[in-house]
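Participant: This is final_34.cif, which holds mmCIF, C-alpha atoms and all ligand atoms:
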```cif
data_work
#
loop_
_atom_site.group_PDB
_atom_site.id
_atom_site.type_symbol
_atom_site.label_atom_id
_atom_site.label_comp_id
_atom_site.auth_asym_id
_atom_site.auth_seq_id
_atom_site.Cartn_x
_atom_site.Cartn_y
_atom_site.Cartn_z
ATOM 1 C CA MET P 1 -1.938 43.052 -88.971
ATOM 2 C CA SER P 2 -0.195 44.565 -85.947
ATOM 3 C CA LYS P 3 3.511 43.841 -85.581
ATOM 4 C CA THR P 4 3.568 43.991 -81.806
ATOM 5 C CA THR P 5 5.946 41.517 -80.242
ATOM 6 C CA TYR P 6 4.790 39.863 -77.022
ATOM 7 C CA TRP P 7 6.903 38.359 -74.263
ATOM 8 C CA LEU P 8 6.059 35.518 -71.930
ATOM 9 C CA GLY P 9 7.475 35.309 -68.408
ATOM 10 C CA VAL P 10 7.198 32.141 -66.315
ATOM 11 C CA ASP P 11 8.014 31.709 -62.646
ATOM 12 C CA LEU P 12 8.537 28.032 -61.929
ATOM 13 C CA GLY P 13 8.319 27.497 -58.172
ATOM 14 C CA GLY P 14 8.461 24.405 -55.977
ATOM 15 C CA THR P 15 4.677 24.435 -55.411
ATOM 16 C CA LYS P 16 3.236 26.523 -58.241
ATOM 17 C CA MET P 17 4.054 27.905 -61.663
ATOM 18 C CA LEU P 18 2.891 31.291 -62.894
ATOM 19 C CA ALA P 19 2.904 32.328 -66.551
ATOM 20 C CA ALA P 20 2.244 35.908 -67.652
ATOM 21 C CA LEU P 21 2.048 37.323 -71.170
ATOM 22 C CA PHE P 22 3.168 40.923 -71.665
ATOM 23 C CA THR P 23 3.000 43.451 -74.472
ATOM 24 C CA GLY P 24 6.197 44.971 -75.881
ATOM 25 C CA LYS P 25 5.842 47.673 -73.226
ATOM 26 C CA PHE P 26 5.437 45.018 -70.505
ATOM 27 C CA LYS P 27 1.775 45.592 -69.821
ATOM 28 C CA LEU P 28 0.192 42.407 -68.474
ATOM 29 C CA LEU P 29 -2.238 40.762 -70.939
ATOM 30 C CA VAL P 30 -2.980 37.344 -69.487
ATOM 31 C CA GLU P 31 -1.727 35.328 -66.543
ATOM 32 C CA ARG P 32 -2.338 31.742 -65.518
ATOM 33 C CA LYS P 33 -1.304 29.603 -62.582
ATOM 34 C CA GLU P 34 -0.794 25.881 -62.228
ATOM 35 C CA LYS P 35 0.311 23.600 -59.390
ATOM 36 C CA THR P 36 3.803 22.114 -59.407
ATOM 37 C CA SER P 37 4.853 19.014 -57.558
ATOM 38 C CA GLY P 38 8.452 17.846 -57.640
ATOM 39 C CA GLN P 39 7.294 14.386 -56.593
ATOM 40 C CA ASP P 40 5.627 13.929 -59.992
ATOM 41 C CA GLY P 41 9.045 13.805 -61.673
ATOM 42 C CA ALA P 42 10.642 16.118 -64.214
ATOM 43 C CA LYS P 43 8.693 14.762 -67.215
ATOM 44 C CA ALA P 44 5.295 15.496 -65.661
ATOM 45 C CA VAL P 45 6.329 18.966 -64.468
ATOM 46 C CA ILE P 46 7.710 19.870 -67.902
ATOM 47 C CA ALA P 47 4.538 18.597 -69.618
ATOM 48 C CA ARG P 48 2.440 20.788 -67.305
ATOM 49 C CA LEU P 49 4.749 23.725 -67.969
ATOM 50 C CA GLN P 50 4.417 23.263 -71.746
ATOM 51 C CA GLN P 51 0.635 23.090 -71.415
ATOM 52 C CA LEU P 52 0.587 26.226 -69.241
ATOM 53 C CA ILE P 53 2.648 28.132 -71.814
ATOM 54 C CA ALA P 54 0.388 26.985 -74.675
ATOM 55 C CA ASP P 55 -2.790 27.823 -72.727
ATOM 56 C CA THR P 56 -1.544 31.292 -71.789
ATOM 57 C CA VAL P 57 -0.665 32.158 -75.387
ATOM 58 C CA ALA P 58 -3.982 30.697 -76.607
ATOM 59 C CA GLU P 59 -5.981 32.658 -74.033
ATOM 60 C CA ALA P 60 -4.352 35.895 -75.177
ATOM 61 C CA GLY P 61 -5.312 35.019 -78.749
ATOM 62 C CA ILE P 62 -2.060 36.237 -80.283
ATOM 63 C CA PRO P 63 -0.503 34.579 -83.347
ATOM 64 C CA GLU P 64 2.327 32.261 -82.316
ATOM 65 C CA LYS P 65 4.868 34.098 -84.469
ATOM 66 C CA GLN P 66 4.277 37.345 -82.565
ATOM 67 C CA LEU P 67 5.577 35.746 -79.392
ATOM 68 C CA GLY P 68 9.095 37.163 -79.237
ATOM 69 C CA GLY P 69 10.388 34.821 -76.571
ATOM 70 C CA ILE P 70 9.824 32.998 -73.311
ATOM 71 C CA GLY P 71 11.805 33.819 -70.156
ATOM 72 C CA LEU P 72 11.745 31.442 -67.209
ATOM 73 C CA GLY P 73 12.792 31.867 -63.613
ATOM 74 C CA VAL P 74 13.662 28.581 -61.903
ATOM 75 C CA PRO P 75 14.345 27.871 -58.216
ATOM 76 C CA GLY P 76 18.032 26.980 -58.305
ATOM 77 C CA PRO P 77 21.357 27.785 -59.933
ATOM 78 C CA VAL P 78 21.431 27.745 -63.748
ATOM 79 C CA ASN P 79 24.080 27.548 -66.429
ATOM 80 C CA VAL P 80 23.732 31.011 -67.946
ATOM 81 C CA GLN P 81 25.292 29.925 -71.252
ATOM 82 C CA THR P 82 23.141 26.880 -71.975
ATOM 83 C CA GLY P 83 20.032 27.570 -69.893
ATOM 84 C CA ALA P 84 20.367 24.219 -68.128
ATOM 85 C CA VAL P 85 19.100 23.964 -64.558
ATOM 86 C CA ILE P 86 22.081 22.820 -62.500
ATOM 87 C CA SER P 87 20.001 21.825 -59.507
ATOM 88 C CA ALA P 88 16.525 22.610 -58.239
ATOM 89 C CA PRO P 89 16.125 20.694 -54.970
ATOM 90 C CA ASN P 90 12.419 21.584 -54.587
ATOM 91 C CA LEU P 91 11.722 20.033 -57.984
ATOM 92 C CA GLY P 92 14.205 17.172 -57.651
ATOM 93 C CA TRP P 93 16.025 18.370 -60.800
ATOM 94 C CA HIS P 94 19.683 17.915 -61.531
ATOM 95 C CA ASN P 95 21.452 19.079 -64.723
ATOM 96 C CA LEU P 96 18.254 19.421 -66.710
ATOM 97 C CA PRO P 97 18.645 21.079 -70.157
ATOM 98 C CA LEU P 98 15.391 23.025 -69.752
ATOM 99 C CA GLN P 99 16.109 25.693 -72.366
ATOM 100 C CA LYS P 100 16.808 23.083 -75.060
ATOM 101 C CA ILE P 101 13.737 21.023 -74.174
ATOM 102 C CA LEU P 102 11.392 24.010 -74.295
ATOM 103 C CA GLU P 103 12.871 25.533 -77.442
ATOM 104 C CA ARG P 104 12.179 22.261 -79.229
ATOM 105 C CA SER P 105 8.554 22.142 -78.099
ATOM 106 C CA CYS P 106 7.557 25.826 -78.007
ATOM 107 C CA HIS P 107 8.933 27.107 -81.346
ATOM 108 C CA SER P 108 10.025 30.337 -79.638
ATOM 109 C CA PRO P 109 13.348 31.541 -78.253
ATOM 110 C CA VAL P 110 13.670 30.521 -74.597
ATOM 111 C CA ARG P 111 15.976 31.831 -71.882
ATOM 112 C CA VAL P 112 16.315 30.328 -68.414
ATOM 113 C CA PHE P 113 17.297 32.378 -65.356
ATOM 114 C CA ASN P 114 17.556 31.844 -61.648
ATOM 115 C CA ASP P 115 14.206 32.979 -60.194
ATOM 116 C CA VAL P 116 15.732 35.416 -57.710
ATOM 117 C CA ASP P 117 17.935 36.943 -60.410
ATOM 118 C CA ALA P 118 14.807 37.397 -62.539
ATOM 119 C CA GLY P 119 12.918 38.865 -59.551
ATOM 120 C CA THR P 120 15.713 41.292 -58.719
ATOM 121 C CA TYR P 121 15.850 42.355 -62.363
ATOM 122 C CA GLY P 122 12.049 42.821 -62.355
ATOM 123 C CA GLU P 123 12.284 45.082 -59.295
ATOM 124 C CA PHE P 124 15.183 46.974 -60.909
ATOM 125 C CA ARG P 125 13.264 47.584 -64.140
ATOM 126 C CA PHE P 126 9.696 48.003 -62.922
ATOM 127 C CA GLY P 127 9.664 48.192 -59.114
ATOM 128 C CA THR P 128 11.712 50.012 -56.626
ATOM 129 C CA GLY P 129 15.173 49.895 -58.147
ATOM 130 C CA GLU P 130 14.831 53.034 -60.271
ATOM 131 C CA GLN P 131 18.005 54.294 -61.978
ATOM 132 C CA ALA P 132 20.381 52.369 -59.778
ATOM 133 C CA ARG P 133 23.875 51.201 -60.689
ATOM 134 C CA CYS P 134 23.597 48.280 -58.295
ATOM 135 C CA VAL P 135 20.472 46.646 -56.849
ATOM 136 C CA ILE P 136 20.612 43.712 -54.449
ATOM 137 C CA GLY P 137 17.536 41.512 -53.997
ATOM 138 C CA LEU P 138 17.123 39.591 -50.744
ATOM 139 C CA PHE P 139 14.206 37.180 -50.574
ATOM 140 C CA PRO P 140 13.869 35.189 -47.348
ATOM 141 C CA GLY P 141 11.442 32.285 -47.821
ATOM 142 C CA THR P 142 11.791 28.512 -47.551
ATOM 143 C CA GLY P 143 15.457 29.277 -48.230
ATOM 144 C CA ILE P 144 17.027 32.702 -48.681
ATOM 145 C CA GLY P 145 17.413 33.885 -52.260
ATOM 146 C CA GLY P 146 19.797 36.610 -53.359
ATOM 147 C CA GLY P 147 20.304 38.444 -56.626
ATOM 148 C CA CYS P 148 22.327 41.352 -57.932
ATOM 149 C CA VAL P 149 21.794 43.634 -60.908
ATOM 150 C CA TYR P 150 24.929 45.640 -61.676
ATOM 151 C CA ASP P 151 25.089 48.257 -64.434
ATOM 152 C CA GLY P 152 21.775 46.961 -65.738
ATOM 153 C CA LYS P 153 22.951 43.346 -66.010
ATOM 154 C CA ILE P 154 22.460 40.358 -63.777
ATOM 155 C CA PHE P 155 25.698 39.693 -61.939
ATOM 156 C CA THR P 156 26.733 36.088 -62.734
ATOM 157 C CA GLY P 157 29.780 33.920 -63.045
ATOM 158 C CA ARG P 158 31.122 33.167 -66.533
ATOM 159 C CA GLU P 159 29.118 29.988 -66.687
ATOM 160 C CA ASN P 160 26.821 29.860 -63.687
ATOM 161 C CA SER P 161 24.381 32.069 -61.841
ATOM 162 C CA CYS P 162 25.642 33.093 -58.409
ATOM 163 C CA PHE P 163 24.866 35.496 -55.549
ATOM 164 C CA GLU P 164 23.899 32.605 -53.291
ATOM 165 C CA ILE P 165 23.411 34.780 -50.225
ATOM 166 C CA GLY P 166 21.475 32.018 -48.459
ATOM 167 C CA HIS P 167 24.647 29.937 -48.367
ATOM 168 C CA MET P 168 26.935 32.631 -46.949
ATOM 169 C CA LEU P 169 28.352 31.420 -43.655
ATOM 170 C CA ALA P 170 26.358 32.960 -40.797
ATOM 171 C CA VAL P 171 27.227 30.721 -37.843
ATOM 172 C CA PRO P 172 30.455 28.645 -37.918
ATOM 173 C CA GLU P 173 29.641 25.038 -36.963
ATOM 174 C CA GLY P 174 25.961 26.046 -37.041
ATOM 175 C CA ARG P 175 22.845 24.207 -38.159
ATOM 176 C CA LEU P 176 22.805 21.731 -41.016
ATOM 177 C CA CYS P 177 21.740 23.414 -44.278
ATOM 178 C CA GLY P 178 19.851 21.851 -47.190
ATOM 179 C CA CYS P 179 23.090 22.160 -49.198
ATOM 180 C CA GLY P 180 24.849 19.729 -46.837
ATOM 181 C CA ARG P 181 27.113 22.299 -45.147
ATOM 182 C CA HIS P 182 26.686 23.753 -41.680
ATOM 183 C CA GLY P 183 25.901 27.283 -40.559
ATOM 184 C CA CYS P 184 24.610 28.813 -43.823
ATOM 185 C CA LEU P 185 22.478 31.938 -43.456
ATOM 186 C CA GLU P 186 19.343 30.139 -44.640
ATOM 187 C CA ALA P 187 19.783 27.338 -42.104
ATOM 188 C CA HIS P 188 19.401 30.022 -39.407
ATOM 189 C CA ALA P 189 17.246 32.782 -40.871
ATOM 190 C CA SER P 190 14.886 31.320 -43.514
ATOM 191 C CA ARG P 191 11.166 30.922 -42.904
ATOM 192 C CA LEU P 192 11.776 27.222 -42.343
ATOM 193 C CA ALA P 193 14.318 27.990 -39.571
ATOM 194 C CA ILE P 194 11.962 30.567 -38.043
ATOM 195 C CA ALA P 195 9.064 28.095 -38.202
ATOM 196 C CA ALA P 196 11.137 25.372 -36.505
ATOM 197 C CA ASP P 197 12.134 27.710 -33.654
ATOM 198 C CA SER P 198 8.576 29.015 -33.368
ATOM 199 C CA ALA P 199 7.105 25.509 -33.179
ATOM 200 C CA ALA P 200 9.541 24.719 -30.362
ATOM 201 C CA ALA P 201 8.566 27.918 -28.542
ATOM 202 C CA ALA P 202 4.866 27.084 -28.935
ATOM 203 C CA TYR P 203 5.501 23.552 -27.668
ATOM 204 C CA ARG P 204 7.296 24.960 -24.607
ATOM 205 C CA GLY P 205 4.315 27.190 -23.855
ATOM 206 C CA GLN P 206 6.125 30.435 -24.730
ATOM 207 C CA ALA P 207 3.806 31.415 -27.579
ATOM 208 C CA PRO P 208 0.170 30.950 -26.527
ATOM 209 C CA ALA P 209 -1.316 32.886 -29.456
ATOM 210 C CA LEU P 210 0.639 30.852 -32.007
ATOM 211 C CA LEU P 211 -0.306 27.590 -30.317
ATOM 212 C CA LYS P 212 -3.971 28.560 -30.647
ATOM 213 C CA LEU P 213 -3.577 29.689 -34.273
ATOM 214 C CA ALA P 214 -1.524 26.846 -35.660
ATOM 215 C CA GLY P 215 -0.363 24.339 -33.086
ATOM 216 C CA THR P 216 3.183 23.093 -33.525
ATOM 217 C CA ASP P 217 2.840 21.784 -37.078
ATOM 218 C CA LEU P 218 5.649 23.353 -39.146
ATOM 219 C CA ARG P 219 3.514 23.347 -42.291
ATOM 220 C CA GLU P 220 0.925 25.582 -40.620
ATOM 221 C CA LEU P 221 3.511 28.163 -39.569
ATOM 222 C CA LYS P 222 3.223 30.403 -42.612
ATOM 223 C CA SER P 223 4.392 34.020 -42.743
ATOM 224 C CA ARG P 224 0.928 35.431 -42.030
ATOM 225 C CA THR P 225 0.429 33.114 -39.070
ATOM 226 C CA LEU P 226 3.717 34.313 -37.582
ATOM 227 C CA ALA P 227 2.632 37.939 -38.147
ATOM 228 C CA LYS P 228 -0.701 37.277 -36.403
ATOM 229 C CA SER P 229 1.022 35.641 -33.443
ATOM 230 C CA ILE P 230 3.339 38.648 -33.041
ATOM 231 C CA ALA P 231 0.389 41.047 -33.331
ATOM 232 C CA ALA P 232 -1.399 39.033 -30.623
ATOM 233 C CA GLY P 233 1.532 39.548 -28.249
ATOM 234 C CA ASP P 234 3.749 36.460 -28.596
ATOM 235 C CA ARG P 235 7.028 38.057 -27.532
ATOM 236 C CA ALA P 236 9.019 34.857 -28.066
ATOM 237 C CA ILE P 237 7.965 34.723 -31.736
ATOM 238 C CA GLU P 238 8.824 38.377 -32.258
ATOM 239 C CA ASP P 239 12.293 37.735 -30.784
ATOM 240 C CA ILE P 240 12.815 34.736 -33.104
ATOM 241 C CA VAL P 241 11.805 36.689 -36.217
ATOM 242 C CA ARG P 242 13.821 39.778 -35.230
ATOM 243 C CA ARG P 243 16.885 37.640 -34.682
ATOM 244 C CA ALA P 244 16.501 36.068 -38.146
ATOM 245 C CA ALA P 245 15.963 39.495 -39.738
ATOM 246 C CA ARG P 246 19.124 40.777 -37.999
ATOM 247 C CA GLN P 247 21.125 37.828 -39.331
ATOM 248 C CA LEU P 248 19.872 38.690 -42.806
ATOM 249 C CA GLY P 249 20.921 42.291 -42.105
ATOM 250 C CA VAL P 250 24.440 41.239 -41.081
ATOM 251 C CA ALA P 251 24.807 39.421 -44.414
ATOM 252 C CA ALA P 252 23.456 42.524 -46.163
ATOM 253 C CA ALA P 253 26.097 44.612 -44.358
ATOM 254 C CA SER P 254 28.870 42.401 -45.767
ATOM 255 C CA ILE P 255 27.456 42.869 -49.250
ATOM 256 C CA VAL P 256 27.347 46.640 -48.708
ATOM 257 C CA ASN P 257 31.032 46.565 -47.769
ATOM 258 C CA LEU P 258 31.862 44.511 -50.860
ATOM 259 C CA ILE P 259 29.972 46.214 -53.667
ATOM 260 C CA ALA P 260 28.249 49.339 -52.306
ATOM 261 C CA PRO P 261 24.751 48.803 -53.722
ATOM 262 C CA ASP P 262 22.433 51.794 -54.185
ATOM 263 C CA ILE P 263 19.397 49.791 -53.127
ATOM 264 C CA ILE P 264 18.725 46.595 -51.225
ATOM 265 C CA VAL P 265 15.270 45.256 -52.018
ATOM 266 C CA LEU P 266 13.679 42.922 -49.482
ATOM 267 C CA GLY P 267 10.903 40.694 -50.780
ATOM 268 C CA GLY P 268 8.976 37.455 -50.364
ATOM 269 C CA GLY P 269 6.107 36.378 -48.126
ATOM 270 C CA LEU P 270 7.864 36.949 -44.791
ATOM 271 C CA VAL P 271 8.770 40.523 -45.687
ATOM 272 C CA GLU P 272 5.257 41.170 -47.047
ATOM 273 C CA ALA P 273 3.727 39.945 -43.785
ATOM 274 C CA LEU P 274 6.251 41.673 -41.492
ATOM 275 C CA GLU P 275 7.570 44.563 -43.572
ATOM 276 C CA LYS P 276 8.160 47.077 -40.787
ATOM 277 C CA LEU P 277 10.034 44.592 -38.604
ATOM 278 C CA TYR P 278 12.248 43.421 -41.498
ATOM 279 C CA LEU P 279 13.108 46.922 -42.701
ATOM 280 C CA GLU P 280 13.947 48.041 -39.143
ATOM 281 C CA GLU P 281 16.219 45.111 -38.353
ATOM 282 C CA VAL P 282 18.024 45.032 -41.705
ATOM 283 C CA ARG P 283 18.564 48.816 -41.616
ATOM 284 C CA ALA P 284 19.887 48.638 -38.054
ATOM 285 C CA ALA P 285 22.239 45.754 -38.886
ATOM 286 C CA VAL P 286 23.576 47.518 -41.983
ATOM 287 C CA MET P 287 24.143 50.718 -39.988
ATOM 288 C CA SER P 288 26.061 48.891 -37.291
ATOM 289 C CA HIS P 289 28.017 46.388 -39.394
ATOM 290 C CA ALA P 290 28.802 48.105 -42.707
ATOM 291 C CA MET P 291 31.410 50.848 -43.120
ATOM 292 C CA PRO P 292 29.664 54.157 -42.336
ATOM 293 C CA LEU P 293 30.696 55.735 -45.640
ATOM 294 C CA LEU P 294 28.965 52.911 -47.542
ATOM 295 C CA ALA P 295 26.084 52.264 -45.126
ATOM 296 C CA ASP P 296 24.959 55.903 -45.382
ATOM 297 C CA ARG P 297 24.461 55.638 -49.135
ATOM 298 C CA VAL P 298 22.360 52.472 -49.387
ATOM 299 C CA LYS P 299 18.567 52.565 -49.489
ATOM 300 C CA ILE P 300 16.755 49.601 -47.972
ATOM 301 C CA ARG P 301 13.308 49.072 -49.458
ATOM 302 C CA ALA P 302 10.492 46.553 -49.576
ATOM 303 C CA ALA P 303 9.852 44.955 -52.971
ATOM 304 C CA GLN P 304 6.994 46.471 -54.975
ATOM 305 C CA LEU P 305 5.967 43.781 -57.421
ATOM 306 C CA GLY P 306 5.106 40.785 -55.203
ATOM 307 C CA ASP P 307 4.495 37.586 -57.211
ATOM 308 C CA HIS P 308 4.991 39.479 -60.477
ATOM 309 C CA ALA P 309 8.665 40.366 -59.971
ATOM 310 C CA SER P 310 10.044 37.145 -61.479
ATOM 311 C CA VAL P 311 7.637 36.881 -64.438
ATOM 312 C CA LEU P 312 8.192 40.541 -65.345
ATOM 313 C CA GLY P 313 11.948 40.203 -64.904
ATOM 314 C CA ALA P 314 12.149 36.983 -66.936
ATOM 315 C CA ALA P 315 10.032 38.497 -69.745
ATOM 316 C CA ALA P 316 12.165 41.664 -69.825
ATOM 317 C CA LEU P 317 15.371 39.637 -69.770
ATOM 318 C CA VAL P 318 14.381 37.470 -72.708
ATOM 319 C CA ALA P 319 13.333 40.635 -74.580
ATOM 320 C CA GLU P 320 16.722 42.145 -73.876
ATOM 321 C CA ALA P 321 18.496 38.965 -74.960
ATOM 322 C CA ARG P 322 16.565 39.222 -78.246
ATOM 323 C CA GLY P 323 17.697 42.822 -78.685
ATOM 324 C CA LYS P 324 14.336 44.421 -77.739
ATOM 325 C CA PRO P 325 14.773 45.979 -74.294
HETATM 326 ZN ZN ZN H 1 23.839 26.053 -47.431
#
```
When written as structure tokens, how does the structure in this file appear?

Facilitator:
Amino acid sequence: MSKTTYWLGVDLGGTKMLAALFTGKFKLLVERKEKTSGQDGAKAVIARLQQLIADTVAEAGIPEKQLGGIGLGVPGPVNVQTGAVISAPNLGWHNLPLQKILERSCHSPVRVFNDVDAGTYGEFRFGTGEQARCVIGLFPGTGIGGGCVYDGKIFTGRENSCFEIGHMLAVPEGRLCGCGRHGCLEAHASRLAIAADSAAAAYRGQAPALLKLAGTDLRELKSRTLAKSIAAGDRAIEDIVRRAARQLGVAAASIVNLIAPDIIVLGGGLVEALEKLYLEEVRAAVMSHAMPLLADRVKIRAAQLGDHASVLGAAALVAEARGKP
């Protein structure tokens, strides 16, 4: 019998969960997706997650004892010592001991990470972050996620995950953020903020292409719709997105001044749909707002792994935690 150890990575999002089983060399064997809905309550989501994990392992047909561990990325801050989810607003979770619950039911070692930390680690190991001392991940989406891998390790507090770039102050006395404070970067530059401004512009008659494509319904204003509207000549939408990308770039410049990363990786749906615009604006903002000595050294790149960054990162992180990097 082969002694290969396999690793399972799971990305638990607010709307879907993705599980992927990897070989010891992190080649993808099987992946499965399932819907998530926070409104169903924690019990139902965890039951679905347990089923997804079991189904993925069963589909791969590997003996349970050859599963070396399960790594999860979750959308919110985590206690890095206990693997408890401190809060996951999109799932309605608060202080949920996820690692303990899953270890009891899955009979495998489990580690829980913040999803953006896992994604940044995935890009560092398998994507664009080759041989870097410090990689920063910036993922604008519904909110704005940030992660940092420093000397090969996720940068965290003693107890809690950190690098909450989305909640850096961008505009004093600015818009109300989901966290309850005002003026956070994600209240001004996330996809949700862009969609709100774009809907207003469409309503005012400043974005005829967008109005035709999606109306003024915020839920219809997805990244690709925004990209199509810009391609069709909606100048107002381009201005809104460029402004948000610049604000992200100003935050990136502060991070460059603080810890001099080798690489800043930009990822997520908005960046995938509007890569050129995002890279241009973030590069320009870093060049004008970071110290020249430090700005000159940092590479700004688009993420390479798409949806697989977090599952790969979480699988590699649990492997490393088990002493099998
Ligand atoms: Zn905030």

Participant: One number please: CA of Arg219 in chain P to CA of Pro140 in chain P, in Å, one decimal.

Facilitator: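 Separation between CA of Arg219 in chain P and CA of Pro140 in chain P: 16.5 Å.
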
Participant: May I have the centre and edge lengths, in Å to one decimal, of an axis-aligned box around the listed atoms of range 255-269 of chain P with 3 Å added to every side, as JSON?

Facilitator:
```
{"center_x": 19.0, "center_y": 44.1, "center_z": -51.0, "size_x": 31.8, "size_y": 21.4, "size_z": 12.4}
```

Participant: Quick one: contact table of range 25-97 of chain P to range 144-149 of chain P, 12 Å max, nearest atom pair and distance in Å to one decimal per residue, counting all atoms listed in the file, chain and number order, as a Markdown table?

Facilitator:
```
| residue | atom | partner | partner_atom | distance |
| --- | --- | --- | --- | --- |
| P:Val74 | CA | P:Gly145 | CA | 11.6 |
| P:Pro75 | CA | P:Gly145 | CA | 9.0 |
| P:Gly76 | CA | P:Gly145 | CA | 9.2 |
| P:Pro77 | CA | P:Gly145 | CA | 10.6 |
```

Participant: Any chance you could export the current selection's C-alpha atoms as an mmCIF file, in the frame of the given file?

Facilitator:
```
data_model
loop_
_atom_site.group_PDB
_atom_site.id
_atom_site.type_symbol
_atom_site.label_atom_id
_atom_site.label_comp_id
_atom_site.auth_asym_id
_atom_site.auth_seq_id
_atom_site.Cartn_x
_atom_site.Cartn_y
_atom_site.Cartn_z
ATOM 1 C CA VAL P 74 13.662 28.581 -61.903
ATOM 2 C CA PRO P 75 14.345 27.871 -58.216
ATOM 3 C CA GLY P 76 18.032 26.980 -58.305
ATOM 4 C CA PRO P 77 21.357 27.785 -59.933
#
```

Participant: Could you list, with a cut-off of 6 Å and counting only C-alpha atoms and all ligand atoms, the residues of chain P near ligand ZN 1 (chain H), each shown with its nearest atom pair and the distance in Å rounded to one decimal, rows sorted by chain and ascending number, as a Markdown table?

Facilitator:
```
| residue | atom | partner | partner_atom | distance |
| --- | --- | --- | --- | --- |
| P:His167 | CA | H:ZN1 | ZN | 4.1 |
| P:Cys177 | CA | H:ZN1 | ZN | 4.6 |
| P:Gly178 | CA | H:ZN1 | ZN | 5.8 |
| P:Cys179 | CA | H:ZN1 | ZN | 4.3 |
| P:Arg181 | CA | H:ZN1 | ZN | 5.5 |
| P:Cys184 | CA | H:ZN1 | ZN | 4.6 |
```

Participant: Measuring atom to atom with all atoms listed in the file, identify which of P:Ala170, P:Ala295, P:Leu8, P:Ile86 is nearest to Gly69 in chain P.

Facilitator: P:Leu8

Participant: Name the residues that the PyMOL selection byres (((chain P and resi 226) around 9) and not hetatm) picks from the file above, as a ChimeraX atom specification, using the file's chain letters and numbers.

Facilitator: /P:195,198,210,221-225,227-231,237-238,241,270,273-274

Participant: When distances are computed from all atoms listed in the file, which of P:Val85, P:Ala19, P:Val318, P:Leu176 shows the smallest separation from Glu59 in chain P?

Facilitator: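 Counting all atoms listed in the file, the residue closest to Glu59 in chain P is P:Ala19.
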
Participant: Pull out every residue that the PyMOL selection byres (((chain P and resi 36) around 7) and not hetatm) matches in the shown coordinates and put them as a list of chain:residue names.

Facilitator: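 When the PyMOL selection byres (((chain P and resi 36) around 7) and not hetatm) is applied, the selected residues are P:Gly14, P:Thr15, P:Lys16, P:Met17, P:Glu34, P:Lys35, P:Ser37, P:Gly38, P:Val45.
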
Participant: With all atoms listed in the file as the counted atoms, please give the residues lying no more than 12 Å from Gln51 in chain P, apart from itself and same-chain residues fewer than 2 positions off, as a PyMOL selection string.

Facilitator: chain P and resi 17+19+32-34+44-49+53-59+102+105-106

Participant: Output the residue selection produced by the PyMOL selection byres (((chain P and resi 6) around 6) and not hetatm) on the file above, formatted as a list in words.

Facilitator: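 On the file shown, the PyMOL selection byres (((chain P and resi 6) around 6) and not hetatm) covers Thr5, Trp7, Phe22, Thr23, Gly24, Leu67 and Gly68 of chain P.
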
Participant: Pick the closest to Val135 in chain P from P:Gly269, P:Pro325, P:Pro261, P:Gly152: which is it, counting only C-alpha atoms?

Facilitator: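 Selected residue with least distance to Val135 in chain P: P:Pro261.
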
Participant: With all atoms listed in the file as the basis for distance, which of P:Ile136, P:Ala319, P:Ala309, P:Ile70 is at the shortest distance from Ile264 in chain P?

Facilitator: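 Comparing P:Ile136, P:Ala319, P:Ala309, P:Ile70 against Ile264 in chain P, the winner is P:Ile136.
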
Participant: Mind pulling up the distance from CA of Ala207 in chain P to CA of Asp234 in chain P?

Facilitator: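 Taking CA of Asp234 in chain P and CA of Ala207 in chain P, their separation equals 5.1 Å.
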
Participant: Choose the residue, out of P:His289, P:Arg158, P:Arg175, P:Lys212, that has the smallest atom-to-atom separation from Ile255 in chain P; count all atoms listed in the file.

Facilitator: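 Between P:His289, P:Arg158, P:Arg175, P:Lys212, the residue approaching Ile255 in chain P most closely is P:His289.
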
Participant: Just want the 12 Å neighbourhood of Ala251 in chain P, counted on all atoms listed in the file, with same-chain residues fewer than 3 positions away dropped. Output as a PyMOL selection string.

Facilitator: chain P and resi 136+138+144+146+163-171+184-186+188-189+244-248+254-258+264+281-283+285-286+288-290

Participant: Could the residues in this selection be saved with C-alpha atoms as a short mmCIF file (atom, residue, chain, number, x, y, z; two decimals), in the frame of the given file?

Facilitator:
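Here's the written file again21.cif:
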```cif
data_model
loop_
_atom_site.label_atom_id
_atom_site.label_comp_id
_atom_site.auth_asym_id
_atom_site.auth_seq_id
_atom_site.Cartn_x
_atom_site.Cartn_y
_atom_site.Cartn_z
CA ILE P 136 20.61 43.71 -54.45
CA LEU P 138 17.12 39.59 -50.74
CA ILE P 144 17.03 32.70 -48.68
CA GLY P 146 19.80 36.61 -53.36
CA PHE P 163 24.87 35.50 -55.55
CA GLU P 164 23.90 32.60 -53.29
CA ILE P 165 23.41 34.78 -50.22
CA GLY P 166 21.48 32.02 -48.46
CA HIS P 167 24.65 29.94 -48.37
CA MET P 168 26.94 32.63 -46.95
CA LEU P 169 28.35 31.42 -43.66
CA ALA P 170 26.36 32.96 -40.80
CA VAL P 171 27.23 30.72 -37.84
CA CYS P 184 24.61 28.81 -43.82
CA LEU P 185 22.48 31.94 -43.46
CA GLU P 186 19.34 30.14 -44.64
CA HIS P 188 19.40 30.02 -39.41
CA ALA P 189 17.25 32.78 -40.87
CA ALA P 244 16.50 36.07 -38.15
CA ALA P 245 15.96 39.49 -39.74
CA ARG P 246 19.12 40.78 -38.00
CA GLN P 247 21.12 37.83 -39.33
CA LEU P 248 19.87 38.69 -42.81
CA SER P 254 28.87 42.40 -45.77
CA ILE P 255 27.46 42.87 -49.25
CA VAL P 256 27.35 46.64 -48.71
CA ASN P 257 31.03 46.56 -47.77
CA LEU P 258 31.86 44.51 -50.86
CA ILE P 264 18.73 46.60 -51.22
CA GLU P 281 16.22 45.11 -38.35
CA VAL P 282 18.02 45.03 -41.70
CA ARG P 283 18.56 48.82 -41.62
CA ALA P 285 22.24 45.75 -38.89
CA VAL P 286 23.58 47.52 -41.98
CA SER P 288 26.06 48.89 -37.29
CA HIS P 289 28.02 46.39 -39.39
CA ALA P 290 28.80 48.10 -42.71
#
```
